[in-house]
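Shown next: input27.txt, given as compact mmCIF, C-alpha atoms.
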```txt
# COMPACT_ATOMS: atom_id res chain seq x y z
CA MET A 1 -17.00 30.46 18.92
CA PHE A 2 -17.33 31.32 22.60
CA LEU A 3 -15.97 34.82 21.99
CA MET A 4 -18.43 35.36 19.16
CA THR A 5 -21.34 34.22 21.31
CA THR A 6 -20.18 36.40 24.19
CA SER A 7 -19.73 39.38 21.88
CA ARG A 8 -23.22 38.95 20.48
CA PHE A 9 -24.61 38.67 23.98
CA LEU A 10 -22.80 41.82 25.15
CA PHE A 11 -23.92 43.65 22.02
CA LEU A 12 -27.53 42.72 22.72
CA ILE A 13 -27.27 43.99 26.28
CA LEU A 14 -25.65 47.19 25.06
CA ALA A 15 -28.27 47.67 22.37
CA LEU A 16 -31.01 47.06 24.89
CA THR A 17 -29.51 49.59 27.29
CA ILE A 18 -29.00 52.23 24.59
CA SER A 19 -32.47 51.72 23.20
CA HIS A 20 -33.78 52.15 26.70
CA ARG A 21 -31.91 55.42 27.08
CA LEU A 22 -33.08 56.86 23.76
CA PRO A 23 -36.42 58.59 24.09
CA ALA A 24 -39.02 56.94 21.92
CA SER A 25 -41.08 59.24 19.75
CA SER A 26 -44.30 58.00 21.32
CA GLU A 27 -42.97 57.32 24.81
CA PRO A 28 -45.90 56.95 27.20
CA ARG A 29 -46.13 59.04 30.32
CA HIS A 30 -45.11 57.37 33.57
CA SER A 31 -47.98 56.38 35.83
CA PRO A 32 -47.09 54.98 39.28
CA SER A 33 -48.50 51.60 40.18
CA LEU A 34 -48.49 48.98 42.90
CA ARG A 35 -48.23 45.31 41.94
CA LEU A 36 -49.06 42.52 44.41
CA GLY A 37 -47.99 38.98 43.69
CA VAL A 38 -47.99 35.42 44.89
CA ASP A 39 -45.14 32.96 44.23
CA ILE A 40 -46.63 29.86 42.63
CA SER A 41 -43.32 28.01 42.41
CA GLY A 42 -43.85 26.90 46.01
CA ILE A 43 -46.65 24.64 44.77
CA GLY A 44 -44.31 22.94 42.32
CA ARG A 45 -41.62 22.58 44.96
CA GLN A 46 -44.04 20.92 47.32
CA LEU A 47 -44.98 18.37 44.66
CA ILE A 48 -41.32 17.38 44.44
CA SER A 49 -40.46 17.84 48.10
CA PRO A 50 -43.66 17.36 50.11
CA GLU A 51 -41.81 17.69 53.41
CA SER A 52 -41.34 21.43 52.99
CA LEU A 53 -43.99 24.02 52.31
CA THR A 54 -43.21 27.63 51.39
CA ALA A 55 -45.71 30.41 50.82
CA GLU A 56 -44.44 33.69 49.47
CA PHE A 57 -45.97 37.03 48.51
CA SER A 58 -44.56 40.14 46.92
CA ALA A 59 -45.26 43.79 46.36
CA ASP A 60 -43.54 46.27 44.08
CA LEU A 61 -44.12 49.96 43.69
CA GLU A 62 -42.88 51.91 40.67
CA TRP A 63 -42.07 55.17 42.39
CA LYS A 64 -40.08 56.52 39.48
CA LYS A 65 -40.14 55.46 35.88
CA ASN A 66 -38.39 52.07 35.60
CA PHE A 67 -37.41 52.07 39.28
CA PHE A 68 -39.35 49.76 41.58
CA ALA A 69 -39.22 49.38 45.35
CA ALA A 70 -39.81 45.71 46.08
CA LEU A 71 -40.78 43.78 49.18
CA GLU A 72 -41.17 40.01 49.40
CA GLY A 73 -42.06 37.89 52.38
CA GLY A 74 -43.45 34.57 53.43
CA TRP A 75 -43.08 31.56 55.62
CA MET A 76 -41.76 28.04 55.40
CA ASP A 77 -42.49 24.83 57.27
CA VAL A 78 -40.38 21.68 57.18
CA ASP A 79 -41.47 18.36 58.65
CA ILE A 80 -39.17 15.43 58.00
CA SER A 81 -39.43 11.99 59.54
CA ARG A 82 -36.98 9.21 58.86
CA GLU A 83 -36.09 5.96 60.57
CA THR A 84 -33.15 7.60 62.33
CA HIS A 85 -34.49 11.08 63.00
CA SER A 86 -37.30 13.56 62.84
CA TYR A 87 -36.76 17.24 62.08
CA LEU A 88 -39.11 20.22 62.29
CA ALA A 89 -38.51 23.81 61.22
CA SER A 90 -40.60 26.92 60.79
CA ALA A 91 -39.41 30.21 59.39
CA TYR A 92 -40.55 33.70 58.49
CA PHE A 93 -38.56 35.61 55.94
CA VAL A 94 -38.50 38.98 54.24
CA ARG A 95 -36.58 40.32 51.25
CA ALA A 96 -36.43 44.03 50.51
CA GLY A 97 -34.75 45.88 47.68
CA ALA A 98 -35.23 47.41 44.28
CA ASP A 99 -35.82 46.45 40.66
CA PHE A 100 -34.70 48.30 37.57
CA ASN A 101 -36.51 47.86 34.28
CA LEU A 102 -34.36 47.35 31.18
CA LEU A 103 -37.21 47.11 28.70
CA GLU A 104 -38.25 50.01 26.54
CA ARG A 105 -41.92 50.71 27.00
CA THR A 106 -44.36 51.05 24.16
CA PRO A 107 -48.06 51.76 24.42
CA GLU A 108 -48.67 48.08 23.64
CA THR A 109 -46.39 46.78 26.37
CA LEU A 110 -46.72 49.62 28.79
CA HIS A 111 -46.37 47.62 31.98
CA ASP A 112 -44.28 44.67 30.80
CA VAL A 113 -40.86 44.76 32.37
CA VAL A 114 -37.50 43.01 32.21
CA LEU A 115 -35.94 43.52 35.60
CA ILE A 116 -32.60 43.47 37.28
CA SER A 117 -33.22 42.89 40.98
CA LEU A 118 -31.19 43.52 44.11
CA ARG A 119 -32.36 42.36 47.52
CA TYR A 120 -31.38 42.07 51.15
CA GLY A 121 -32.92 39.03 52.81
CA TYR A 122 -33.52 37.99 56.40
CA SER A 123 -34.92 34.78 57.80
CA ASN A 124 -36.01 34.08 61.36
CA MET A 125 -36.27 30.35 62.03
CA GLN A 126 -36.81 27.85 64.78
CA HIS A 127 -35.90 24.23 64.30
CA GLN A 128 -35.67 21.07 66.36
CA ALA A 129 -35.00 17.37 66.11
CA PRO A 130 -37.34 15.60 68.54
CA ARG A 131 -35.88 12.18 67.74
CA VAL A 132 -32.27 11.41 66.86
CA VAL A 133 -30.73 7.97 66.54
CA VAL A 134 -27.04 7.74 65.70
CA PRO A 135 -26.61 4.20 64.41
CA ASP A 136 -23.69 2.21 65.79
CA PRO A 137 -23.69 -1.47 64.89
CA TYR A 138 -20.88 -2.29 67.31
CA TRP A 139 -21.61 -0.45 70.58
CA GLY A 140 -25.32 0.03 70.04
CA ASN A 141 -27.35 2.95 68.75
CA TYR A 142 -27.19 6.30 70.52
CA GLN A 143 -30.53 8.01 71.02
CA THR A 144 -31.00 11.67 71.86
CA SER A 145 -32.90 14.77 70.77
CA VAL A 146 -32.26 18.43 69.99
CA GLY A 147 -34.67 20.95 71.46
CA LYS A 148 -36.09 23.96 69.70
CA GLU A 149 -33.31 26.33 68.67
CA PRO A 150 -33.45 29.78 67.04
CA TYR A 151 -31.67 30.41 63.76
CA HIS A 152 -31.19 33.68 61.91
CA ALA A 153 -29.76 34.29 58.45
CA HIS A 154 -28.97 37.39 56.43
CA TRP A 155 -28.14 37.37 52.75
CA LEU A 156 -27.81 39.49 49.63
CA GLU A 157 -29.25 38.51 46.32
CA ALA A 158 -29.28 39.62 42.71
CA GLY A 159 -31.47 38.44 39.93
CA LEU A 160 -32.99 38.82 36.52
CA GLY A 161 -36.64 38.41 35.66
CA LEU A 162 -39.63 39.58 33.72
CA LYS A 163 -43.27 40.41 34.25
CA THR A 164 -45.77 40.47 31.44
CA ARG A 165 -49.46 41.27 31.30
CA VAL A 166 -51.70 38.29 30.58
CA TRP A 167 -55.17 39.79 31.05
CA HIS A 168 -56.37 43.20 32.15
CA GLN A 169 -54.30 44.00 35.26
CA PHE A 170 -53.15 40.41 35.79
CA PHE A 171 -49.47 39.68 35.18
CA MET A 172 -47.24 36.62 35.17
CA GLY A 173 -43.52 36.54 35.60
CA TRP A 174 -40.44 34.68 36.61
CA SER A 175 -37.20 35.67 38.27
CA LEU A 176 -33.93 33.86 38.67
CA ARG A 177 -32.18 34.75 41.91
CA GLY A 178 -28.63 34.15 43.03
CA ARG A 179 -28.11 34.48 46.77
CA LEU A 180 -25.07 34.98 48.96
CA LEU A 181 -25.32 34.24 52.65
CA ILE A 182 -23.50 36.96 54.59
CA SER A 183 -24.33 36.03 58.17
CA HIS A 184 -26.11 33.22 59.99
CA THR A 185 -26.37 31.60 63.38
CA ARG A 186 -23.43 29.31 64.10
CA ASP A 187 -24.57 26.09 65.69
CA PRO A 188 -22.27 23.11 65.31
CA GLU A 189 -24.92 20.76 66.61
CA MET A 190 -27.62 21.38 64.06
CA GLU A 191 -27.70 23.39 60.88
CA PRO A 192 -31.08 23.82 59.17
CA TYR A 193 -31.98 21.78 56.13
CA LEU A 194 -33.57 24.72 54.34
CA ILE A 195 -33.28 28.40 55.20
CA GLY A 196 -36.64 30.09 54.72
CA GLY A 197 -36.49 32.52 51.80
CA PHE A 198 -32.89 31.56 50.97
CA GLY A 199 -33.07 27.94 49.90
CA GLN A 200 -30.88 24.96 50.61
CA ALA A 201 -28.63 25.33 53.63
CA GLY A 202 -25.10 23.96 53.79
CA SER A 203 -23.69 26.39 51.24
CA ASN A 204 -23.19 30.14 51.26
CA THR A 205 -24.76 30.43 47.83
CA SER A 206 -28.13 29.52 46.43
CA LEU A 207 -29.82 29.76 43.04
CA MET A 208 -33.57 29.65 42.74
CA LEU A 209 -36.19 30.26 40.10
CA HIS A 210 -39.48 31.88 41.11
CA TYR A 211 -42.77 32.12 39.25
CA HIS A 212 -45.28 34.77 40.21
CA LEU A 213 -48.82 35.83 39.49
CA TYR A 214 -49.47 39.55 40.01
CA TYR A 215 -52.26 42.02 40.11
CA ARG A 216 -51.48 45.65 39.32
CA PHE A 217 -53.16 48.56 41.03
CA PRO A 218 -52.76 51.85 39.16
CA LEU A 219 -52.11 54.72 41.58
CA MET B 1 -39.38 27.06 32.15
CA LEU B 2 -41.52 25.73 34.99
CA LEU B 3 -40.02 22.28 34.53
CA ILE B 4 -36.50 23.71 34.58
CA GLY B 5 -37.23 25.50 37.82
CA MET B 6 -38.74 22.43 39.41
CA GLY B 7 -35.74 20.46 38.25
CA MET B 8 -33.39 22.91 39.94
CA TRP B 9 -35.24 22.33 43.17
CA ALA B 10 -35.25 18.58 42.63
CA CYS B 11 -31.44 18.57 42.37
CA HIS B 12 -31.31 19.69 45.99
CA ASP B 13 -33.44 16.76 47.06
CA ASP B 14 -31.47 14.15 45.14
CA GLU B 15 -29.12 14.16 48.03
CA VAL B 16 -27.26 10.94 48.55
CA CYS B 17 -26.16 9.99 52.03
CA GLY B 18 -22.54 9.64 50.97
CA GLU B 19 -21.13 10.90 54.20
CA VAL B 20 -20.59 8.28 56.86
CA THR B 21 -22.69 8.60 59.95
CA ALA B 22 -20.22 6.61 62.03
CA ASN B 23 -17.00 8.58 62.42
CA GLU B 24 -14.27 6.17 63.38
CA LEU B 25 -10.98 6.54 65.17
CA ARG B 26 -8.15 5.98 62.70
CA MET B 27 -4.95 4.52 64.17
CA ARG B 28 -1.78 3.95 62.19
CA PHE B 29 1.16 1.79 63.28
CA PHE B 30 4.78 2.94 63.30
CA LEU B 31 8.08 1.44 64.33
CA ALA B 32 9.38 2.70 67.65
CA GLY B 33 12.86 4.13 68.09
CA GLN B 34 13.20 5.63 64.62
CA GLU B 35 14.40 9.17 63.99
CA GLU B 36 11.81 9.64 61.26
CA PRO B 37 8.37 7.98 61.35
CA VAL B 38 8.58 4.56 59.74
CA ALA B 39 5.28 2.86 58.98
CA ALA B 40 4.81 -0.59 60.44
CA THR B 41 2.72 -3.49 59.21
CA ILE B 42 1.32 -5.97 61.69
CA ASP B 43 1.40 -9.57 60.45
CA THR B 44 -1.71 -10.64 62.38
CA LEU B 45 -3.92 -8.39 64.47
CA SER B 46 -7.18 -8.79 66.34
CA ILE B 47 -9.04 -5.90 67.99
CA ALA B 48 -12.20 -5.92 70.06
CA GLY B 49 -13.92 -3.63 72.50
CA LEU B 50 -13.04 -4.35 76.12
CA GLY B 51 -15.63 -6.77 77.43
CA ARG B 52 -16.75 -7.54 73.90
CA GLN B 53 -13.95 -9.87 72.82
CA ASP B 54 -16.60 -12.23 71.50
CA GLN B 55 -17.33 -9.63 68.82
CA PRO B 56 -13.98 -8.63 67.33
CA ILE B 57 -13.77 -5.56 65.14
CA TYR B 58 -10.69 -7.03 63.46
CA ASP B 59 -10.36 -10.80 63.65
CA MET B 60 -6.90 -12.14 62.84
CA ALA B 61 -6.49 -9.48 60.17
CA GLU B 62 -3.26 -9.81 58.21
CA ASP B 63 -0.76 -7.17 57.10
CA VAL B 64 -2.44 -4.34 58.96
CA SER B 65 -0.96 -0.85 58.97
CA LEU B 66 -4.11 1.17 59.73
CA VAL B 67 -7.21 0.39 61.73
CA GLU B 68 -10.52 2.20 62.09
CA LEU B 69 -12.33 1.74 65.38
CA PRO B 70 -15.82 2.86 66.42
CA LEU B 71 -15.96 5.01 69.54
CA ASN B 72 -18.82 4.20 71.88
CA PRO B 73 -21.38 7.00 71.27
CA SER B 74 -23.06 6.40 74.62
CA ALA B 75 -19.88 6.73 76.69
CA THR B 76 -16.93 9.09 77.17
CA THR B 77 -14.32 6.32 77.19
CA SER B 78 -13.89 3.42 74.82
CA ALA B 79 -11.43 0.63 75.54
CA PHE B 80 -10.00 -1.70 72.91
CA VAL B 81 -8.08 -4.92 73.31
CA LEU B 82 -5.37 -5.29 70.67
CA SER B 83 -3.93 -8.77 70.19
CA PHE B 84 -0.57 -8.89 68.40
CA GLY B 85 -0.17 -12.63 68.13
CA ARG B 86 0.79 -13.81 71.62
CA GLU B 87 0.95 -10.32 73.19
CA THR B 88 -2.11 -8.31 74.08
CA ASP B 89 -2.53 -4.64 75.01
CA THR B 90 -5.47 -2.54 76.05
CA LEU B 91 -5.95 1.02 74.82
CA TRP B 92 -8.31 3.44 76.59
CA VAL B 93 -9.54 6.43 74.60
CA THR B 94 -11.26 9.24 76.52
CA TYR B 95 -13.22 11.82 74.56
CA GLN B 96 -16.02 14.34 74.39
CA SER B 97 -18.70 13.97 71.75
CA GLU B 98 -20.83 16.52 69.89
CA LEU B 99 -23.92 15.84 67.86
CA HIS B 100 -23.88 17.11 64.28
CA MET B 101 -26.58 17.10 61.68
CA ILE B 102 -25.29 15.82 58.36
CA SER B 103 -28.44 16.64 56.46
CA ALA B 104 -32.17 16.24 56.72
CA GLU B 105 -31.90 13.10 54.60
CA CYS B 106 -28.95 11.45 56.32
CA GLY B 107 -29.68 12.51 59.86
CA PHE B 108 -27.14 13.01 62.62
CA THR B 109 -23.68 11.88 63.50
CA LEU B 110 -21.27 12.37 66.38
CA PHE B 111 -17.98 14.22 66.18
CA PHE B 112 -15.44 13.39 68.89
CA GLU B 113 -12.59 15.26 70.51
CA ILE B 114 -9.99 12.92 71.97
CA GLN B 115 -8.81 14.07 75.37
CA GLN B 116 -6.66 11.27 76.68
CA LEU B 117 -4.98 8.05 75.58
CA GLU B 118 -3.82 5.36 77.99
CA HIS B 119 -2.45 1.92 77.23
CA THR B 120 -0.79 -1.11 78.63
CA ALA B 121 2.72 -1.76 77.36
CA HIS B 122 3.14 -5.46 76.67
CA HIS B 123 3.75 -4.92 72.97
CA ILE B 124 2.89 -1.25 72.39
CA VAL B 125 5.87 1.02 73.12
CA SER B 126 3.99 4.32 73.02
CA VAL B 127 1.01 6.10 71.52
CA SER B 128 0.75 9.60 70.17
CA LEU B 129 -2.25 11.78 69.43
CA ALA B 130 -1.85 13.09 65.88
CA ASN B 131 -5.24 14.74 65.57
CA PRO B 132 -7.75 14.91 68.43
CA TYR B 133 -10.77 15.65 66.24
CA VAL B 134 -12.61 12.60 64.96
CA THR B 135 -14.98 13.94 62.35
CA ASN B 136 -16.04 12.98 58.85
CA VAL B 137 -12.60 14.06 57.58
CA PHE B 138 -10.39 11.06 56.95
CA ASP B 139 -7.38 12.01 59.03
CA ASP B 140 -5.22 9.73 61.15
CA HIS B 141 -5.90 10.39 64.81
CA VAL B 142 -3.58 8.11 66.74
CA GLN B 143 -0.10 6.81 66.07
CA ILE B 144 0.84 3.54 67.75
CA PHE B 145 4.52 2.74 68.05
CA ILE B 146 5.50 -0.91 68.21
CA PRO B 147 8.95 -2.54 68.47
CA ASP B 148 10.90 -3.38 65.36
CA THR B 149 11.06 -7.17 65.71
CA GLY B 150 12.63 -7.61 62.32
CA THR B 151 9.52 -9.27 60.95
CA ASP B 152 7.60 -6.00 60.65
CA ASP B 153 8.40 -3.60 57.77
```

I'd like the structure from this file rewritten - as structure tokens, please.
Amino acid sequence: MFLMTTSRFLFLILALTISHRLPASSEPRHSPSLRLGVDISGIGRQLISPESLTAEFSADLEWKKNFFAALEGGWMDVDISRETHSYLASAYFVRAGADFNLLERTPETLHDVVLISLRYGYSNMQHQAPRVVVPDPYWGNYQTSVGKEPYHAHWLEAGLGLKTRVWHQFFMGWSLRGRLLISHTRDPEMEPYLIGGFGQAGSNTSLMLHYHLYYRFPL
Amino acid sequence: MLLIGMGMWACHDDEVCGEVTANELRMRFFLAGQEEPVAATIDTLSIAGLGRQDQPIYDMAEDVSLVELPLNPSATTSAFVLSFGRETDTLWVTYQSELHMISAECGFTLFFEIQQLEHTAHHIVSVSLANPYVTNVFDDHVQIFIPDTGTDD
């Protein structure tokens, strides 16, 4: 059963790739365009986790048919206060890379795309714990603080997503990204809770779903 | 799809503070004078911090082979008074501590590196440092060797 499902899946990918390679009889001419976007999934995340706020924007430029240069960036703020500690973090992040469109274009869906994405990501953070209490019921609690410390992270990511036109030059889309941390600041005293642009810290991998609204500028 | 994505994020925040924030010194008892380590069981044992005998950590505990003791987070030496029935010993543990963040939800804890062990020798024959790093990994850190009186296993 699993083999059959896998075979069907592989066949669909193959068919999609071949159909993409075959020139369509009415294949439209390539016209370069710039698409600017805002990640609206940060709003949903803040509803669930109000202690962190992430704002993220994106730009992609189709410099060659089906090949897109992509740039994403944003910032993140974390403000956590508990009985035993408070923690603050702020980060700027950037992700740069390329997208490749798998979808055959027709005049009706000229700018809709199904994308495979590759990115390099970098985050520049500062975080601190102004109040730390290590509870000890026997000897008594230990109180201290951790001052502002820099934190840097580099990662690679790959993903799959789509963008589809909803009205005039307005597009919506989602992308699922898998991330692999390749380098980060080593600090045994305090690791960040979230890495801006990467996601949850504490693991070298991260998986995140993004939703975007875009506006396309024909060039 | 939006709900799935939000759910994925929510999984990260459903973090449970399962890790202990108090990392304790684990000491296991062995019989002295054996070629191979032979575990010992203490019939009755009381342990308290030095100067805090009114607040025992173990109070007349029976059949004890392993004890877990809190190191004083505000000091670099913790002393414990161990009462083996009629005989009493004091154990001094000297260490360095490092602050570690467990998570944003659970806060911080201290990891310790044991640097020195000293003890009186009324009942304890010797002590050995098995693992100097007291972290949130459940390893034994100190081995305490006591005489084979014939009543201990």

Determine, for each residue of chain A having at least one atom at most 10 Å from an atom of chain B, the closest pair of atoms and their separation in Å to one decimal, counting all atoms listed in the file; order by chain and ascending number, as a Markdown table.
```
| residue | atom | partner | partner_atom | distance |
| --- | --- | --- | --- | --- |
| A:Ser41 | CA | B:Met6 | CA | 7.8 |
| A:Gly42 | CA | B:Met6 | CA | 9.5 |
| A:Ile43 | CA | B:Met6 | CA | 9.8 |
| A:Gly44 | CA | B:Met6 | CA | 6.3 |
| A:Arg45 | CA | B:Met6 | CA | 6.3 |
| A:Gln46 | CA | B:Met6 | CA | 9.6 |
| A:Leu47 | CA | B:Met6 | CA | 9.1 |
| A:Ile48 | CA | B:Ala10 | CA | 6.4 |
| A:Ser49 | CA | B:Asp13 | CA | 7.2 |
| A:Val78 | CA | B:Ala104 | CA | 9.9 |
| A:Asp79 | CA | B:Ala104 | CA | 9.7 |
| A:Ile80 | CA | B:Ala104 | CA | 7.2 |
| A:Ser81 | CA | B:Ala104 | CA | 8.9 |
| A:Arg82 | CA | B:Glu105 | CA | 7.7 |
| A:Glu83 | CA | B:Gly107 | CA | 9.2 |
| A:Thr84 | CA | B:Gly107 | CA | 6.5 |
| A:His85 | CA | B:Gly107 | CA | 5.9 |
| A:Ser86 | CA | B:Gly107 | CA | 8.2 |
| A:Tyr87 | CA | B:Ala104 | CA | 7.1 |
| A:Leu88 | CA | B:Ala104 | CA | 9.7 |
| A:Ala129 | CA | B:Met101 | CA | 9.5 |
| A:Val132 | CA | B:Phe108 | CA | 6.8 |
| A:Val133 | CA | B:Phe108 | CA | 7.3 |
| A:Val134 | CA | B:Thr109 | CA | 5.8 |
| A:Pro135 | CA | B:Ala22 | CA | 7.2 |
| A:Asp136 | CA | B:Ala22 | CA | 6.7 |
| A:Pro137 | CA | B:Pro70 | CA | 9.1 |
| A:Tyr138 | CA | B:Pro70 | CA | 7.3 |
| A:Trp139 | CA | B:Asn72 | CA | 5.6 |
| A:Gly140 | CA | B:Asn72 | CA | 7.9 |
| A:Asn141 | CA | B:Pro73 | CA | 7.6 |
| A:Tyr142 | CA | B:Ser74 | CA | 5.8 |
| A:Gln143 | CA | B:Ser74 | CA | 8.4 |
| A:Thr144 | CA | B:Leu99 | CA | 9.1 |
| A:Ser145 | CA | B:Leu99 | CA | 9.5 |
| A:Val146 | CA | B:Leu99 | CA | 9.0 |
| A:Trp174 | CA | B:Met1 | CA | 8.9 |
| A:Leu176 | CA | B:Gly5 | CA | 9.0 |
| A:Asp187 | CA | B:His100 | CA | 9.1 |
| A:Pro188 | CA | B:His100 | CA | 6.3 |
| A:Glu189 | CA | B:His100 | CA | 4.5 |
| A:Met190 | CA | B:Met101 | CA | 5.0 |
| A:Glu191 | CA | B:Met101 | CA | 6.4 |
| A:Pro192 | CA | B:Ala104 | CA | 8.0 |
| A:Tyr193 | CA | B:Ala104 | CA | 5.6 |
| A:Leu194 | CA | B:Ala104 | CA | 8.9 |
| A:Gly199 | CA | B:Trp9 | CA | 9.0 |
| A:Gln200 | CA | B:His12 | CA | 7.0 |
| A:Ala201 | CA | B:Ser103 | CA | 9.1 |
| A:Gly202 | CA | B:Ser103 | CA | 8.5 |
| A:Leu207 | CA | B:Met8 | CA | 8.3 |
| A:Met208 | CA | B:Met8 | CA | 7.3 |
| A:Leu209 | CA | B:Gly5 | CA | 5.4 |
| A:His210 | CA | B:Gly5 | CA | 7.5 |
| A:Tyr211 | CA | B:Leu2 | CA | 7.8 |
```

Find the residues near Ala32 (chain B): any atom within 8 Å, counting all atoms listed in the file, skip ones fewer than 3 places away on the same chain, and give them as a PyMOL selection string. chain B and resi 125-126+145-148

Quick one: residues within 9 Å of Asp140 (chain B), all atoms listed in the file counted, chain neighbours fewer than 4 positions away excluded, as an MDAnalysis selection string? chainID B and resid 25:28 66 130:131 134

Give as JSON, numbers by chain each residue that has an atom at most 7 Å from (-39.2, 34.7, 53.6) in the file, counting all atoms listed in the file. {"A": [56, 73, 74, 75, 92, 93, 94, 95, 123, 196, 197]}

Please produce a file of the residues just selected, as a CSV table (one decimal), in the frame of the given file, where the atoms kept are C-alpha atoms.
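Okay, again-v6.csv is ready:
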```
chain,number,residue,atom,x,y,z
A,56,GLU,CA,-44.4,33.7,49.5
A,73,GLY,CA,-42.1,37.9,52.4
A,74,GLY,CA,-43.4,34.6,53.4
A,75,TRP,CA,-43.1,31.6,55.6
A,92,TYR,CA,-40.6,33.7,58.5
A,93,PHE,CA,-38.6,35.6,55.9
A,94,VAL,CA,-38.5,39.0,54.2
A,95,ARG,CA,-36.6,40.3,51.2
A,123,SER,CA,-34.9,34.8,57.8
A,196,GLY,CA,-36.6,30.1,54.7
A,197,GLY,CA,-36.5,32.5,51.8
```

With only C-alpha atoms counted, which protein, DNA or RNA residues have an atom no more than 10 Å from (-3.9, -6.2, 57.9) in the file frame? Please answer as an MDAnalysis selection string. chainID B and resid 41:46 58:67

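As for CA of Leu162 (chain A) and CA of Leu61 (chain A), they are spaced 15.1 Å apart.
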
Between CA of Thr135 (chain B) and CA of Pro130 (chain A) - distance in Å to one decimal: 23.3 Å

For the atom pair CA of Phe217 (chain A) and CA of Ser175 (chain A), what is the interatomic distance in Å to one decimal place?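 Separation of CA of Phe217 (chain A) and CA of Ser175 (chain A): 20.7 Å.
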
Tell me which of A:Val166, A:Gly173, A:Lys148, A:Leu181 sits closest to Tyr122 (chain A), counting only C-alpha atoms.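 With only C-alpha atoms as the atom set, the closest residue is A:Leu181.
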
For Ser97 (chain B), which of B:Ile124, B:Phe29, B:Pro132, B:Glu118 is the closest residue, counting all atoms listed in the file? B:Pro132

With distances taken over all atoms listed in the file, which of A:Arg165, A:Ala89, A:Gln128, A:Tyr151 is nearest to Val113 (chain A)?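 Residue with the minimum atom-to-atom distance to Val113 (chain A): A:Arg165.
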
Given 6 Å of margin on each side, can you work out the centre and size in Å (one decimal) of an axis-aligned box holding every listed atom of region 131-144 of chain B, as lines of an AutoDock Vina configuration file?
```
center_x = -7.6
center_y = 9.6
center_z = 62.7
size_x = 28.9
size_y = 24.1
size_z = 23.5
```
